[in-house]
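Visitor: Quick one: structure below, then a few questions.
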Amino acid sequence: MLDKGSAVNTENYRDQSAFIRLLGRLGMRNSRSFAIAMVIPTLIFMVIMTVYPMISTVFYSFTDFKLLKPDTDFIGLENFISLFQNEYFRKAIWVTVKFTALSVFFEMIIGLLLALYVNSIQNRMIQKTMRITMLLPYLFPTVTVALSWSMMLSPNYGVVNQWLSTIGLPTFSWFADVATAFPMLVVIDVWQNTPFVFLLIYAALQSIPQDQYKAAMIDGAGTRNTFRYITLPNLKTSLALCALLRTIDTFRIFDKVNLLTGGGPANSTTTITQYIYNFGIKPLKFGLGSAGALIMTVLVLILAAIYIKNALKSNPN
Amino acid sequence: MNTNIKVKRILTRIFKPIAGIIIVLITVFPIYWLVAMSVRPMSEMTGHISLLPHSFTLEHFAELFVEKGFGTALINSIEVTLISLAVSLLFGLCASYVLTRNRFRVAIKKPLNTWILIVRILPPIAFTIPLYIMFNKLGIMNTKIPIIMACILINIPFIIWFMVGFFRNLPEDMEKSARVDGANEWQLFTKIVLPLVLPGIAAVAMLSFMYAWNEYTYSIIFVQSPSTYTIPLKLALLNSDDTLTNFGLVAAGGVVSAIPMLLFIIFAQNYLITGLSSGAVKE
C-alpha cells in the first residue's frame with residue numbers, strides 16, 4: 001500500500017465515501033454486516049495473537065531456531081527427542097503432575113470442609129464476614145502472596161523459624177532445602193487457592209433446596225446420612241467442575257515457583273513451564289522452547305478434554 | 001442417650017468457635033504479616049521479631065516511592081491495566097453479544113466460540129515464544145505494548161466466556177420488538193441490551209482488572225526495560241535486588257499492590273463475589 005505512491009490518494013476519497021456509506025449501513029439495515037463488524041476486532045486480534053503464534057510454535061518446534069543465531073535448520077523431531085531424553089525435563093513433568101495432584105487434592109478437601117463449616121454458621125453476619133475473609137488469599141496478587149510467605153519463611157529473620165526455635169524444633173532454609181522447598185510451595189499454593197474451591201462449594205451448598213433437609217429430618221436421618229444422601233449428591237457436579245478447573249489452572253504453575261525457588265534446589269521444584277523458561281526462553285533457544293511449549297499444550301488439552309467437550313455442549317453456537 | 005446428645009452439643013458449641021478462630025488466623029496471618037512488616041522500623045526486623053510492631057513508621061513507603069521509583073511501576077501498572085481493560089471490554093462485549101444472538105448468522109461464530117474456549121484454557125507458554133519474536137521484530141520490546149497486548153489476550157476470552165452467560169439470559173424477543181419500533185442494531189445493543197447486563201459487566205470488569213494487575217508470566221518474558229516495569233515485576237526485583245533483602249520495602253510494595261483489591265472488597269463486594277462464583281462455573 002505504502003509504495004504505491006500518491007496515485008492512491010485521489011482514489012482514497014472515493015474509497016472513503018464508500019467506507020462511510022458502508023458504516024452507515026452497518027447496523028442500520030443489515031444485521032449481517034453489523035454482526036461482522038462486531039466480531040471482526042476480536043477475530044483479527046485472536047488471529048494475530050493466538051492462531052499465528054500457535055502455528056509458529058508448531059513450526060519452530062521442528063527447527064533449531066535460536067534468536068541470536070543467523071541460520072535456522074529443520075531438524076525434524078530432534079527437539080522432542082532431546083527433551084524426552086533429558087532427565088530434567090522428564091523430572092519437570094513428574095514435578096508438575098505431583099504438584100497438581102497434591103495441591104488440587106488438599107484444596108478440594110479443605111475447601112469442602114470450609115464451605116460446610118461456614119455454611120453451618122447460624123449468624124448471617126458472621127457467615128458473611130467469614131466468607132469475605134476466607135476469600136482474601138485468592139484476591140491478593142500472586143506475587144504479593146509469594147513475597148509475604150518468603151518473608152515469613154526467611155531462614156534468618158523469618159517468623160516461622162523463630163517459632164520453631166522457641167518451642168525447640170529444628171529450623172529450615174525452607175526454599176534452599178530439597179526436603180522442604182517442594183512441600184512449602186504446595187502449602188502456599190493451597191493457602192492461596194483453597195478459597196476458590198470454598199466459594200464454589202459454598203455457593204452450591206446455598207442452592208440446595210432446604211425442604212430436602214426438612215424431609216430428611218422428619219425421616220429421622222442423622223448428620224452423617226444427611227450429608228451422604230443429600231449434601232454430597234447435590235454437590236457432585238460442583239465438586240467435579242471445581243477439581244477440573246483447579247487442575248487446569250495448577251498445571252501451568254510458574255509464578256510462585258519462579259519467584260520463590262527459580263526451580264531449585266537441584267531442580268526439585270522445576271515445573272514444565274519453569275523448565276521451558278530456564279532452558280528454552282532464557283538462553284533464547286526458541287526451537288527447543290517451542291517443542292516444550294507444544295508438549296505442554298498437548299498435555300493441557302488432554303487434561304481439559306472433558307471440560308471443553310461439556311462446555312461446548314452447554315454453550316453451543 | 002439424652003446426656004450423650006447434651007455432651008455432643010456442648011462439645012460442638014466449644015469446638016466450632018475455636019475452629020473458626022484457627023481458620024481465620026491461618027487465612028489472615030500472612031496478610032497481617034505483610035502489613036505489620038511494612039510499618040515497623042528496620043531495627044525491629046532483625047533479631048527477635050515481635051508479633052506486634054512496637055513502633056509505627058512510614059519510612060519504607062517513603063523510600064519505596066522516593067528512592068526506588070515505585071511510583072513509575074505504579075503508573076505503569078495503572079496504564080497497562082486500564083488500557084487493556086478498555087480494549088478487551090470493548091472487543092469482548094461486542095463479540096460475545098453476537099455469539100449469543102440467533103439472528104446473526106455468520107459462519108465464523110462456531111469456530112470462534114471453540115477457539116476462544118481453547119485459548120482460555122491454554123497456558124501462556126503456548127503463545128509466548130512466537131509473540132516474543134514478533135514483538136522483537138517490530139522493535140517494540142522496550143514499550144508497554146507487548147504487555148498490554150498480553151493482558152488483552154488473557155482478558156478477551158475470559159470476558160467473552162463470562163458475558164455469553166449474561167447475554168443468553170436476556171430473551172432475544174425483546175430486541176425484536178424494539179427493532180420493530182425503529183431502533184437499529186447498534187442502538188439496540190448500546191441502549192437496551194448493555195444496560196441490562198450492567199451487573200455482569202461490573203463483575204467481569206473487576207476480575208479482568210485483577211488479572212491484568214496481577215499478571216506475571218507474560219510480563220517477566222516481555223518486559224525488558226526497567227522504565228516499563230509493572231508492580232509485580234518491581235516487587236520481584238526488590239525481593240532479589242539486595243544481598244540482604246529489605247523486608248520493609250518489599251512489604252510496603254506488597255501493601256500498595258493490594259490496594260485495588262481492597263477497594264473492590266469495600267465498595268463492590270457483592271459484584272466481586274457473584275463474579276467469582278459465576279465466572280468460574282461458566283461450564
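Here, A, B, ... name the chains of the C-alpha cells in the order displayed, residue numbers run from 1 inside each chain, and ligands are numbered from 1 in the same displayed order.
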Name the residues in contact with Phe29 (chain B) at a cut-off of 12 Å, using only C-alpha atoms, excluding same-chain residues fewer than 6 positions from it; report them as a PyMOL selection string.

Guide: (chain A and resi 133-134+136-137+145+148-149+152+159-160+191) or (chain B and resi 21-23+35-37+51-52)

Visitor: Using only C-alpha atoms, determine which residues lie at most 12 Å from Ser240 (chain B), disregarding the query and same-chain residues fewer than 5 positions distant; provide the list as a short mmCIF file (atom, residue, chain, number, x, y, z; two decimals) with C-alpha atoms, in the first residue's frame.

Guide:
```
data_model
loop_
_atom_site.label_atom_id
_atom_site.label_comp_id
_atom_site.auth_asym_id
_atom_site.auth_seq_id
_atom_site.Cartn_x
_atom_site.Cartn_y
_atom_site.Cartn_z
CA LEU A 147 6.73 -12.43 48.86
CA SER A 150 9.05 -15.73 51.65
CA ASN A 258 9.94 -18.71 39.64
CA LEU A 259 9.74 -16.20 42.47
CA LEU A 260 10.49 -18.46 45.39
CA THR A 261 12.88 -21.12 44.12
CA GLY A 262 13.52 -20.49 40.42
CA LEU B 233 7.97 -7.18 38.33
CA LYS B 234 9.14 -4.34 40.52
CA LEU B 235 8.24 -6.35 43.60
CA THR B 245 16.61 -8.09 51.24
CA ASN B 246 14.95 -5.16 52.86
CA PHE B 247 11.71 -6.72 54.10
CA LEU B 249 10.42 -2.22 51.26
CA VAL B 250 9.04 -5.47 49.87
#
```

Visitor: Find the residues in chain B near chain A: any atom within 6 Å counts, using only C-alpha atoms. Write them as an NGL selection string.

Guide: :B and (34 or 46 or 91 or 94-95 or 98 or 110 or 123 or 125-127 or 130 or 184-186 or 214 or 232 or 254 or 277 or 283)

Visitor: Quick one: pull the distance between CA of Thr247 (chain A) and CA of Val119 (chain B), Å, one decimal.

Guide: 16.1 Å

Visitor: Contacts of Leu89 (chain B) at 9 Å or less, counting only C-alpha atoms, minus same-chain residues fewer than 5 places along, as a ChimeraX atom specification?

Guide: /B:84,94,152,155-156,159-160,201,204-205,208

Visitor: Only N, CA, C and O atoms, please: the residues just picked out, written as a PDB file, in the first residue's frame.

Guide:
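Saved file selection_0.pdb follows:
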```pdb
ATOM      1  N   SER B  84      -5.641  -2.077  28.717  1.00  0.00           N
ATOM      2  CA  SER B  84      -6.005  -3.431  28.299  1.00  0.00           C
ATOM      3  C   SER B  84      -7.450  -3.735  28.687  1.00  0.00           C
ATOM      4  O   SER B  84      -8.172  -4.401  27.943  1.00  0.00           O
ATOM      5  N   CYS B  94     -18.702  -6.809  22.442  1.00  0.00           N
ATOM      6  CA  CYS B  94     -19.260  -6.847  21.087  1.00  0.00           C
ATOM      7  C   CYS B  94     -19.321  -8.283  20.578  1.00  0.00           C
ATOM      8  O   CYS B  94     -20.354  -8.745  20.091  1.00  0.00           O
ATOM      9  N   ILE B 152      -4.632  -8.081  27.179  1.00  0.00           N
ATOM     10  CA  ILE B 152      -5.847  -8.186  26.359  1.00  0.00           C
ATOM     11  C   ILE B 152      -6.067  -9.644  25.973  1.00  0.00           C
ATOM     12  O   ILE B 152      -7.185 -10.158  26.014  1.00  0.00           O
ATOM     13  N   ASN B 155      -7.617 -11.420  28.782  1.00  0.00           N
ATOM     14  CA  ASN B 155      -8.954 -10.996  29.194  1.00  0.00           C
ATOM     15  C   ASN B 155     -10.055 -11.164  28.154  1.00  0.00           C
ATOM     16  O   ASN B 155     -11.197 -11.373  28.524  1.00  0.00           O
ATOM     17  N   ILE B 156      -9.740 -11.071  26.861  1.00  0.00           N
ATOM     18  CA  ILE B 156     -10.818 -11.213  25.872  1.00  0.00           C
ATOM     19  C   ILE B 156     -11.539 -12.562  26.001  1.00  0.00           C
ATOM     20  O   ILE B 156     -12.760 -12.588  26.138  1.00  0.00           O
ATOM     21  N   ILE B 159     -13.645 -12.520  29.206  1.00  0.00           N
ATOM     22  CA  ILE B 159     -14.829 -11.659  29.132  1.00  0.00           C
ATOM     23  C   ILE B 159     -15.897 -12.289  28.245  1.00  0.00           C
ATOM     24  O   ILE B 159     -17.075 -12.342  28.616  1.00  0.00           O
ATOM     25  N   ILE B 160     -15.484 -12.813  27.094  1.00  0.00           N
ATOM     26  CA  ILE B 160     -16.465 -13.411  26.194  1.00  0.00           C
ATOM     27  C   ILE B 160     -17.156 -14.586  26.879  1.00  0.00           C
ATOM     28  O   ILE B 160     -18.376 -14.669  26.934  1.00  0.00           O
ATOM     29  N   ILE B 201     -21.275  -6.801  33.636  1.00  0.00           N
ATOM     30  CA  ILE B 201     -20.121  -6.044  33.154  1.00  0.00           C
ATOM     31  C   ILE B 201     -19.271  -5.569  34.340  1.00  0.00           C
ATOM     32  O   ILE B 201     -18.046  -5.653  34.307  1.00  0.00           O
ATOM     33  N   VAL B 204     -17.304  -8.605  35.647  1.00  0.00           N
ATOM     34  CA  VAL B 204     -16.252  -9.069  34.741  1.00  0.00           C
ATOM     35  C   VAL B 204     -15.150  -8.015  34.634  1.00  0.00           C
ATOM     36  O   VAL B 204     -13.969  -8.351  34.519  1.00  0.00           O
ATOM     37  N   ALA B 205     -15.511  -6.751  34.715  1.00  0.00           N
ATOM     38  CA  ALA B 205     -14.504  -5.692  34.627  1.00  0.00           C
ATOM     39  C   ALA B 205     -13.568  -5.759  35.833  1.00  0.00           C
ATOM     40  O   ALA B 205     -12.351  -5.632  35.694  1.00  0.00           O
ATOM     41  N   SER B 208     -11.296  -8.819  35.418  1.00  0.00           N
ATOM     42  CA  SER B 208     -10.299  -8.581  34.368  1.00  0.00           C
ATOM     43  C   SER B 208      -9.244  -7.605  34.857  1.00  0.00           C
ATOM     44  O   SER B 208      -8.054  -7.751  34.562  1.00  0.00           O
TER      45      SER B 208
END
```

Visitor: For Leu232 (chain A), find every residue with an atom within 12 Å (counting only C-alpha atoms), except residues of its own chain fewer than 3 positions away, and show them as a PyMOL selection string.

Guide: chain A and resi 112+116+201+204-205+208+224-229+235-240
